[in-house]
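Chemist: The structure follows.
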Amino acid sequence: MAENKGIMILAEFLDGKLAPISKEILGAGSKLSKDLSEPLVAVLIGEGVNGIAPEAIAQGADVVYVVEDALLKDYRTDAYVVAVEKVAAQVNPRIILAGQTTMGRDLAPRLAFHLNSAVTMDCIDLAIEAGTKKLLMTKPVYGGNARAIFTSDVLPNVVTVRVKAMTALAPDGSRKGQVVTLAAGLDAAAIRTNVLQKVVQEVQGIKLEDASVVVSGGRGIGGPEGFKQIESLAKLLKGAMGASRPPCDSGWVPETKQVGLTGKIVSPDVYIAVAISGSSQHLAGCSGSKNIIAINRDAEANIFKEARFGVVGDWKKVVPALEAKLHELLGR
Amino acid sequence: MNIIVCVKQVPDPEAPPASFKIDSVTNKVIPPPGVPPVISPFDEQAVEAALRIKDAKGGKITVISLGVNLLRDVVKKPLSMGADELILLEDPAYVEGDSWTTAYALAMAIKKVGQFDLIICGRQAADTDAGQVGSALAEILGIPSITVAKKIEVNDSKIKVEKVTADGFDVIETAMPALVTVSNELGEPRYATIKGIMAAKRKEPIIWKPADIGADTAKLGATGKRMSMLKLFQPVKEAKCEMVTGENEEDAAANLAKKLVEAKLLS
């Protein structure tokens, strides 16, 4: 078999465009492509996704493979494994990148083992080892307490990349690329799962993962009432409200608000942690934030070790005063 | 209804972060003194998911765990919660591998168990956070997989699963045999009952060595692995926290507001 060459990224879409994570992995893939002097291939799978090919090229792809089929409308494991396998058979890539998303975390491992290869999930850094051309994959382990660097002894090297861990290129509309259309050739009977219903639960306000400011409350908030104040501060800062695990477990706030290893992973510019002690499981979800601000009664709380600014005090006094002063200073 | 649940013994993820230490020579975690290991939390939820099905439909739950130095009090917990059988793949040949070698050994063990309708795993282990053994297992066994579930409903020969998505959940159906990985959204696992603990005490786990499951030792542990870990390290924290103070808590809060605006963090 020919040598594995090139980087293949598995794109996802949002409102008829590339999803932010897909631009990020194109950015990451483009750097690897330069380091290896091998092409960057974007794979667009779905129904009516052909029109997104120019955007993928503008974001760094040299070649775009489009696989369209009515059976690919909703993500389904078996169908997408077959579709990616089709493209991989043509491209024979060295590396396959996907996002650590609902799709990526399901598709990547199944695909990797289907291709008789291996996968590393949720990577936050990727680099090529000079000489060996091996991909060095860095990922958080032990709930964010540690990081590990892995290499794969088998190819293609399948990887998922954490959201917001990589930087997208500025789109360049003058870039040229090739678009190849492949038939999926799917056998409906071989797709063993059916999506009966898609339920959207979270619609109001700014999404936690997209917010540039997140204000989160912890166990110390004490009940659902207190979260109104956390939400009020988040609103003033045009951000989103989050929570650590205990308030979600206690039903004070919906499960969808949970930040942490067992919830959402966020990396806003500013993360304000109110009455959160800073357990590893929570830090796993917010340690990628550019600035953590901690408000806690306990001066020894672990969260202060992660914070840039901290106030030791009762949140019931600190948060309203902080909100009032910010209201004044920001003129809103 | 035969359900198989795969569980892993891990260092307690709720141990204080300050007690987390790595031996940089061996690239291994030094177990914190006095903190016993636990069943990985998502795996405990996998046991809970199986028990809910058993409560509703009856059936038998077989738990499989792979590792060395498996503490009986720890790995027997699923039995004390209500599982029926415990199989341990406990042998040095099984460890020092990767997700692939683990999935291969589990698959061989499951083939030896024979009859199964449903396999349930946690969505990822709390130590490696690898998040792939379930999918690998399904691929090796050639059965459909549904990952990151918060609810599993069994109807005759089919399962209906609520799969957690970024903005809600999907309801997905498949025919059994199938594999499902579960997430914390499933809800808290039940406590062990006194009766369960007594029953678990009396029950001895079945131990299977590689030869017992017909495993090709070249595919196990360090010889079979496809991934290599070059380094395990703790990220250096560059942030040094500036404690903002004031005459009282309100004043400190106002000073914090000023700092945040001055540093152009908020605008």
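By order of appearance in the structure tokens: chains A, B, ..., then residues from 1 within every chain, and ligands from 1 in the order shown.
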Show me which bits of chain A are within 6 Å of chain B, counting only C-alpha atoms, as a PyMOL selection string.
Modeler: chain A and resi 102+109-110+113+141-142+146-153+193-202+280+307-311+313+317-318+321-322+325-326
Chemist: Mind writing the picked residues with N, CA and C atoms as a compact mmCIF listing (two decimals), in the first residue's frame?
Modeler:
```
# COMPACT_ATOMS: atom_id res chain seq x y z
N THR A 102 -20.01 16.24 19.93
CA THR A 102 -20.95 15.12 19.96
C THR A 102 -20.61 14.14 18.83
N PRO A 109 -13.38 7.28 17.60
CA PRO A 109 -12.90 5.96 18.05
C PRO A 109 -13.43 4.81 17.18
N ARG A 110 -14.69 4.89 16.82
CA ARG A 110 -15.27 3.80 16.02
C ARG A 110 -14.54 3.72 14.68
N PHE A 113 -10.78 2.35 15.03
CA PHE A 113 -10.65 0.91 15.18
C PHE A 113 -11.18 0.17 13.95
N VAL A 141 -5.33 14.46 31.09
CA VAL A 141 -5.72 13.18 31.69
C VAL A 141 -5.94 13.40 33.19
N TYR A 142 -6.42 12.38 33.87
CA TYR A 142 -6.72 12.49 35.29
C TYR A 142 -7.57 13.73 35.57
N ALA A 146 -3.39 16.31 35.06
CA ALA A 146 -2.13 16.06 34.37
C ALA A 146 -2.35 16.11 32.86
N ARG A 147 -1.25 16.14 32.15
CA ARG A 147 -1.31 16.03 30.70
C ARG A 147 -0.41 14.90 30.25
N ALA A 148 -0.78 14.31 29.14
CA ALA A 148 0.04 13.22 28.61
C ALA A 148 0.34 13.51 27.15
N ILE A 149 1.54 13.13 26.73
CA ILE A 149 1.90 13.25 25.32
C ILE A 149 1.98 11.84 24.74
N PHE A 150 1.20 11.62 23.68
CA PHE A 150 1.14 10.31 23.06
C PHE A 150 1.68 10.36 21.63
N THR A 151 2.17 9.20 21.18
CA THR A 151 2.41 9.01 19.75
C THR A 151 1.73 7.70 19.35
N SER A 152 1.43 7.59 18.07
CA SER A 152 0.77 6.39 17.59
C SER A 152 1.76 5.57 16.77
N ASP A 153 1.72 4.25 16.95
CA ASP A 153 2.58 3.37 16.17
C ASP A 153 1.89 2.90 14.91
N THR A 193 -28.46 2.18 13.47
CA THR A 193 -29.18 3.03 14.43
C THR A 193 -30.11 3.99 13.70
N ASN A 194 -31.20 4.36 14.38
CA ASN A 194 -32.13 5.33 13.83
C ASN A 194 -32.29 6.49 14.79
N VAL A 195 -32.23 7.72 14.27
CA VAL A 195 -32.48 8.88 15.13
C VAL A 195 -33.99 9.12 15.10
N LEU A 196 -34.66 8.87 16.21
CA LEU A 196 -36.12 9.01 16.26
C LEU A 196 -36.53 10.45 16.49
N GLN A 197 -35.69 11.17 17.23
CA GLN A 197 -36.07 12.50 17.65
C GLN A 197 -34.82 13.28 18.05
N LYS A 198 -34.80 14.57 17.73
CA LYS A 198 -33.71 15.43 18.20
C LYS A 198 -34.32 16.48 19.12
N VAL A 199 -33.92 16.47 20.37
CA VAL A 199 -34.53 17.37 21.34
C VAL A 199 -33.54 18.48 21.69
N VAL A 200 -33.95 19.73 21.44
CA VAL A 200 -33.10 20.88 21.79
C VAL A 200 -33.60 21.45 23.10
N GLN A 201 -32.72 21.50 24.08
CA GLN A 201 -33.15 21.94 25.40
C GLN A 201 -32.70 23.35 25.73
N GLU A 202 -31.58 23.75 25.16
CA GLU A 202 -30.98 25.01 25.60
C GLU A 202 -31.06 26.00 24.45
N SER A 280 -10.70 19.30 41.00
CA SER A 280 -10.09 18.95 39.71
C SER A 280 -11.17 18.79 38.66
N ALA A 307 -6.38 31.31 39.76
CA ALA A 307 -6.97 32.60 39.43
C ALA A 307 -5.93 33.68 39.17
N ARG A 308 -6.35 34.70 38.41
CA ARG A 308 -5.50 35.87 38.21
C ARG A 308 -5.84 36.92 39.26
N PHE A 309 -7.13 37.10 39.54
CA PHE A 309 -7.57 37.98 40.62
C PHE A 309 -8.47 37.20 41.56
N GLY A 310 -8.39 37.55 42.85
CA GLY A 310 -9.25 36.88 43.80
C GLY A 310 -9.75 37.83 44.87
N VAL A 311 -10.93 37.54 45.37
CA VAL A 311 -11.43 38.26 46.54
C VAL A 311 -11.87 37.21 47.55
N GLY A 313 -14.11 36.49 50.50
CA GLY A 313 -15.28 37.08 51.15
C GLY A 313 -16.54 36.31 50.84
N LYS A 317 -22.15 39.29 49.76
CA LYS A 317 -21.76 40.70 49.86
C LYS A 317 -20.95 41.13 48.65
N VAL A 318 -20.06 40.22 48.19
CA VAL A 318 -19.13 40.58 47.12
C VAL A 318 -19.83 40.74 45.77
N ALA A 321 -22.00 43.97 45.21
CA ALA A 321 -21.13 45.15 45.17
C ALA A 321 -20.32 45.17 43.87
N LEU A 322 -19.88 44.00 43.44
CA LEU A 322 -19.12 43.90 42.18
C LEU A 322 -20.02 44.28 41.01
N LYS A 325 -20.67 48.10 41.00
CA LYS A 325 -19.51 48.89 40.56
C LYS A 325 -19.27 48.71 39.06
N LEU A 326 -19.42 47.47 38.57
CA LEU A 326 -19.23 47.22 37.13
C LEU A 326 -20.30 47.93 36.31
```
Chemist: I need the residues in segment 8-200 of chain B that are strand (DSSP E or B) according to DSSP; give them as a PyMOL selection string.
Modeler: chain B and resi 9-10+21-23+28-30+38-39+60-67+85-90+118-122+145-155+158-165+168-175+178-182
Chemist: Find the residues near segment 92-101 of chain A: any atom within 6 Å, counting only C-alpha atoms, skip ones fewer than 3 places away on the same chain, and give them as a compact mmCIF listing (two decimals) with N, CA and C atoms, in the first residue's frame.
Modeler:
```
# COMPACT_ATOMS: atom_id res chain seq x y z
N ASN A 4 1.11 6.54 3.78
CA ASN A 4 0.10 7.45 4.31
C ASN A 4 0.61 8.88 4.22
N LYS A 5 -0.22 9.73 3.62
CA LYS A 5 0.22 11.11 3.39
C LYS A 5 -0.93 12.08 3.56
N GLY A 6 -0.65 13.19 4.18
CA GLY A 6 -1.64 14.25 4.26
C GLY A 6 -2.45 14.23 5.54
N ILE A 7 -3.14 15.33 5.75
CA ILE A 7 -3.98 15.50 6.93
C ILE A 7 -5.41 15.64 6.46
N MET A 8 -6.30 14.85 7.04
CA MET A 8 -7.69 14.88 6.63
C MET A 8 -8.51 15.37 7.81
N ILE A 9 -9.33 16.39 7.59
CA ILE A 9 -10.16 16.85 8.70
C ILE A 9 -11.62 16.54 8.41
N LEU A 10 -12.36 16.16 9.46
CA LEU A 10 -13.77 15.83 9.32
C LEU A 10 -14.57 17.04 9.78
N ALA A 88 -11.09 8.05 2.99
CA ALA A 88 -9.76 7.63 3.48
C ALA A 88 -9.11 6.65 2.50
N ALA A 89 -9.92 5.83 1.85
CA ALA A 89 -9.38 4.87 0.88
C ALA A 89 -8.76 5.61 -0.31
N GLY A 104 -17.64 14.02 16.94
CA GLY A 104 -16.26 13.55 16.97
C GLY A 104 -16.00 12.49 18.02
N ARG A 105 -16.59 12.68 19.21
CA ARG A 105 -16.29 11.73 20.27
C ARG A 105 -16.96 10.38 20.00
N ASP A 122 -9.59 14.33 22.51
CA ASP A 122 -9.58 15.57 23.31
C ASP A 122 -8.20 16.21 23.42
N LEU A 155 -1.00 3.93 11.59
CA LEU A 155 -1.58 5.01 10.80
C LEU A 155 -2.87 4.50 10.16
N PRO A 156 -3.81 5.37 9.81
CA PRO A 156 -3.80 6.80 10.08
C PRO A 156 -3.98 7.13 11.57
N ASN A 157 -3.35 8.22 11.93
CA ASN A 157 -3.35 8.68 13.30
C ASN A 157 -4.63 9.51 13.52
N VAL A 158 -5.62 8.89 14.16
CA VAL A 158 -6.91 9.59 14.35
C VAL A 158 -6.86 10.40 15.65
N VAL A 159 -7.36 11.62 15.58
CA VAL A 159 -7.27 12.55 16.70
C VAL A 159 -8.58 13.33 16.83
N THR A 160 -9.03 13.56 18.06
CA THR A 160 -10.03 14.62 18.23
C THR A 160 -9.39 15.77 18.98
N VAL A 161 -9.86 16.97 18.67
CA VAL A 161 -9.26 18.20 19.19
C VAL A 161 -10.30 18.94 20.03
N ARG A 162 -9.88 19.38 21.19
CA ARG A 162 -10.77 20.11 22.09
C ARG A 162 -11.21 21.44 21.46
```
Chemist: From the list A:Ala190, A:Val214, A:Ile272, A:Ile303, which residue is nearest Lys257 of chain A when using only C-alpha atoms?
Modeler: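 For Lys257 of chain A, the nearest of the given residues is A:Val214.
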Chemist: Do a neighbour search on Val270 of chain A at 10 Å with only C-alpha atoms, toss out local chain neighbours closer than 3 positions, and write the hits as number ranges by chain.
Modeler: A: 211-215, 237, 239, 267, 273, 289-293, 308; B: 260, 265-266
Chemist: Between A:Met103, A:Ala2, A:Met166, A:Leu111, which is the closest to Asp125 of chain A once you count only C-alpha atoms?
Modeler: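 Between A:Met103, A:Ala2, A:Met166, A:Leu111, the residue approaching Asp125 of chain A most closely is A:Met166.
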Chemist: Do a neighbour search on Arg190 of chain B at 12 Å with only C-alpha atoms, toss out local chain neighbours closer than 4 positions, and write the hits as a list in words.
Modeler: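 Residues meeting the cut-off are Glu44, Gln45, Ala46, Val47, Glu48, Ala49, Ala50, Leu51, Arg52, Lys77, Pro78, Leu79, Ser80, Met81, Gly82, Ala83, Leu186 and Gly196 of chain B.
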Chemist: To test your reading of the structure, identify every residue in segment 61-267 of chain A that backbone DSSP assigns to alpha helix (DSSP H), and report it as an MDAnalysis selection string.
Modeler: chainID A and resid 77:91 102:114 224:236 245:249
Chemist: Take the selection from the previous step and output its residues with N, CA and C atoms, as a CSV table (one decimal), in the first residue's frame.
Modeler:
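Result went into result_37.csv, see below:
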```csv
chain,number,residue,atom,x,y,z
A,77,THR,N,-23.6,6.9,13.4
A,77,THR,CA,-22.2,6.3,13.5
A,77,THR,C,-21.9,5.4,12.2
A,78,ASP,N,-22.7,4.4,12.0
A,78,ASP,CA,-22.4,3.5,10.9
A,78,ASP,C,-22.2,4.2,9.6
A,79,ALA,N,-23.2,5.1,9.3
A,79,ALA,CA,-23.2,5.7,8.0
A,79,ALA,C,-21.9,6.6,7.8
A,80,TYR,N,-21.6,7.3,8.9
A,80,TYR,CA,-20.4,8.2,8.8
A,80,TYR,C,-19.1,7.5,8.7
A,81,VAL,N,-19.1,6.3,9.4
A,81,VAL,CA,-17.8,5.5,9.4
A,81,VAL,C,-17.6,5.1,7.9
A,82,VAL,N,-18.7,4.6,7.3
A,82,VAL,CA,-18.6,4.2,5.9
A,82,VAL,C,-18.1,5.3,5.0
A,83,ALA,N,-18.8,6.5,5.2
A,83,ALA,CA,-18.5,7.7,4.3
A,83,ALA,C,-17.0,8.1,4.5
A,84,VAL,N,-16.5,8.2,5.7
A,84,VAL,CA,-15.1,8.6,5.9
A,84,VAL,C,-14.2,7.5,5.4
A,85,GLU,N,-14.6,6.3,5.6
A,85,GLU,CA,-13.7,5.2,5.1
A,85,GLU,C,-13.5,5.3,3.6
A,86,LYS,N,-14.6,5.7,2.9
A,86,LYS,CA,-14.6,5.9,1.4
A,86,LYS,C,-13.5,6.9,1.0
A,87,VAL,N,-13.6,8.0,1.7
A,87,VAL,CA,-12.6,9.1,1.4
A,87,VAL,C,-11.2,8.7,1.8
A,88,ALA,N,-11.1,8.0,3.0
A,88,ALA,CA,-9.8,7.6,3.5
A,88,ALA,C,-9.1,6.7,2.5
A,89,ALA,N,-9.9,5.8,1.8
A,89,ALA,CA,-9.4,4.9,0.9
A,89,ALA,C,-8.8,5.6,-0.3
A,90,GLN,N,-9.3,6.8,-0.6
A,90,GLN,CA,-8.8,7.6,-1.8
A,90,GLN,C,-7.5,8.4,-1.3
A,91,VAL,N,-7.6,9.0,-0.1
A,91,VAL,CA,-6.6,9.9,0.3
A,91,VAL,C,-5.4,9.2,1.0
A,102,THR,N,-20.0,16.2,19.9
A,102,THR,CA,-20.9,15.1,20.0
A,102,THR,C,-20.6,14.1,18.8
A,103,MET,N,-20.3,14.7,17.6
A,103,MET,CA,-20.0,13.8,16.5
A,103,MET,C,-18.6,13.2,16.7
A,104,GLY,N,-17.6,14.0,16.9
A,104,GLY,CA,-16.3,13.6,17.0
A,104,GLY,C,-16.0,12.5,18.0
A,105,ARG,N,-16.6,12.7,19.2
A,105,ARG,CA,-16.3,11.7,20.3
A,105,ARG,C,-17.0,10.4,20.0
A,106,ASP,N,-18.0,10.4,19.2
A,106,ASP,CA,-18.6,9.1,18.8
A,106,ASP,C,-17.9,8.5,17.6
A,107,LEU,N,-17.7,9.3,16.6
A,107,LEU,CA,-17.1,8.9,15.3
A,107,LEU,C,-15.7,8.4,15.3
A,108,ALA,N,-14.8,9.3,16.0
A,108,ALA,CA,-13.4,9.1,15.9
A,108,ALA,C,-12.9,7.7,16.4
A,109,PRO,N,-13.4,7.3,17.6
A,109,PRO,CA,-12.9,6.0,18.0
A,109,PRO,C,-13.4,4.8,17.2
A,110,ARG,N,-14.7,4.9,16.8
A,110,ARG,CA,-15.3,3.8,16.0
A,110,ARG,C,-14.5,3.7,14.7
A,111,LEU,N,-14.3,4.9,14.1
A,111,LEU,CA,-13.6,5.0,12.8
A,111,LEU,C,-12.2,4.4,12.9
A,112,ALA,N,-11.5,4.9,14.0
A,112,ALA,CA,-10.1,4.5,14.1
A,112,ALA,C,-9.9,3.0,14.2
A,113,PHE,N,-10.8,2.4,15.0
A,113,PHE,CA,-10.7,0.9,15.2
A,113,PHE,C,-11.2,0.2,13.9
A,114,HIS,N,-12.1,0.8,13.3
A,114,HIS,CA,-12.6,0.2,12.0
A,114,HIS,C,-11.5,0.2,11.0
A,224,PRO,N,-31.3,27.6,44.6
A,224,PRO,CA,-31.6,28.2,43.3
A,224,PRO,C,-31.8,29.8,43.3
A,225,GLU,N,-32.2,30.3,44.5
A,225,GLU,CA,-32.4,31.8,44.6
A,225,GLU,C,-31.1,32.5,44.3
A,226,GLY,N,-30.0,32.0,44.9
A,226,GLY,CA,-28.7,32.7,44.7
A,226,GLY,C,-28.2,32.7,43.3
A,227,PHE,N,-28.6,31.8,42.5
A,227,PHE,CA,-28.2,31.7,41.1
A,227,PHE,C,-28.8,32.9,40.3
A,228,LYS,N,-29.9,33.5,40.8
A,228,LYS,CA,-30.5,34.6,40.1
A,228,LYS,C,-29.5,35.7,40.1
A,229,GLN,N,-28.7,35.9,41.2
A,229,GLN,CA,-27.7,36.9,41.3
A,229,GLN,C,-26.5,36.6,40.4
A,230,ILE,N,-26.2,35.3,40.3
A,230,ILE,CA,-25.1,34.9,39.4
A,230,ILE,C,-25.5,35.2,37.9
A,231,GLU,N,-26.7,34.9,37.6
A,231,GLU,CA,-27.2,35.2,36.3
A,231,GLU,C,-27.3,36.7,36.0
A,232,SER,N,-27.7,37.4,36.9
A,232,SER,CA,-27.8,38.9,36.8
A,232,SER,C,-26.4,39.5,36.4
A,233,LEU,N,-25.3,39.0,37.1
A,233,LEU,CA,-24.0,39.5,36.8
A,233,LEU,C,-23.6,39.0,35.4
A,234,ALA,N,-23.9,37.8,35.1
A,234,ALA,CA,-23.5,37.3,33.8
A,234,ALA,C,-24.2,38.1,32.7
A,235,LYS,N,-25.4,38.5,32.9
A,235,LYS,CA,-26.2,39.3,31.9
A,235,LYS,C,-25.5,40.6,31.8
A,236,LEU,N,-25.2,41.3,32.9
A,236,LEU,CA,-24.5,42.6,32.8
A,236,LEU,C,-23.3,42.5,32.0
A,245,ARG,N,-20.5,21.2,39.6
A,245,ARG,CA,-21.4,20.0,39.6
A,245,ARG,C,-22.4,20.0,40.8
A,246,PRO,N,-22.0,20.3,42.0
A,246,PRO,CA,-23.0,20.2,43.1
A,246,PRO,C,-24.4,20.9,42.9
A,247,PRO,N,-24.3,22.2,42.4
A,247,PRO,CA,-25.6,22.9,42.1
A,247,PRO,C,-26.5,22.1,41.1
A,248,CYS,N,-25.8,21.5,40.1
A,248,CYS,CA,-26.6,20.7,39.1
A,248,CYS,C,-27.1,19.5,39.7
A,249,ASP,N,-26.3,18.8,40.5
A,249,ASP,CA,-26.8,17.5,41.1
A,249,ASP,C,-27.9,17.8,42.1
```
Chemist: At a cut-off of 8 Å, using only C-alpha atoms, what residues contact Ala275 of chain A? Leave out same-chain residues fewer than 3 positions from it and give the result as a PyMOL selection string.
Modeler: chain A and resi 217-221+294-297+315
Chemist: Next, the residues of the selection above should be written as a PDB file, in the first residue's frame with C-alpha atoms.
Modeler:
```
ATOM      1  CA  GLY A 217     -21.606  29.471  40.961  1.00  0.00           C
ATOM      2  CA  GLY A 218     -20.735  26.539  43.181  1.00  0.00           C
ATOM      3  CA  ARG A 219     -22.053  24.649  46.157  1.00  0.00           C
ATOM      4  CA  GLY A 220     -21.573  27.739  48.332  1.00  0.00           C
ATOM      5  CA  ILE A 221     -24.353  29.572  46.507  1.00  0.00           C
ATOM      6  CA  ALA A 294     -12.214  33.758  42.100  1.00  0.00           C
ATOM      7  CA  ILE A 295     -14.590  34.826  44.838  1.00  0.00           C
ATOM      8  CA  ASN A 296     -14.568  32.514  47.839  1.00  0.00           C
ATOM      9  CA  ARG A 297     -14.906  32.705  51.593  1.00  0.00           C
ATOM     10  CA  TRP A 315     -20.315  36.071  47.821  1.00  0.00           C
TER      11      TRP A 315
END
```
Chemist: Identify which of the residues A:Val66, A:Leu126, A:Ile52, A:Ala28 lies closest to Leu14 of chain A, counting only C-alpha atoms when measuring atom-to-atom distances.
Modeler: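 Of A:Val66, A:Leu126, A:Ile52, A:Ala28, the one nearest Leu14 of chain A is A:Ile52, counting only C-alpha atoms.
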Chemist: Given the choices A:Ile276, A:Leu330, A:Val253, A:Leu169, which gets closest to Phe304 of chain A if the distance is worked out from only C-alpha atoms?
Modeler: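 So, comparing all the options, the nearest one is A:Ile276.
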Chemist: Using only C-alpha atoms, which residues sit within 8 Å of Ala109 of chain B once same-chain residues fewer than 3 positions away are excluded, as a list in words?
Modeler: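 The residues satisfying every condition are Ala105, Leu106, Lys112, Val113, Trp208 and Ile213 of chain B.
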Chemist: Quick one, how far is atom CA of Asp117 of chain B from atom CA of Cys6 of chain B?
Modeler: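 Between atom CA of Asp117 of chain B and atom CA of Cys6 of chain B the gap is 14.0 Å.
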Chemist: Can you work out the spacing between atom CA of Val38 of chain B and atom CA of Leu70 of chain B in Å, to one decimal?
Modeler: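 Between these atoms lies a distance of 10.0 Å.
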Chemist: Could you tell me how far atom CA of Glu306 of chain A sits from atom CA of Ala263 of chain B, in Å to one decimal place?
Modeler: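 Between atom CA of Ala263 of chain B and atom CA of Glu306 of chain A the gap is 17.6 Å.
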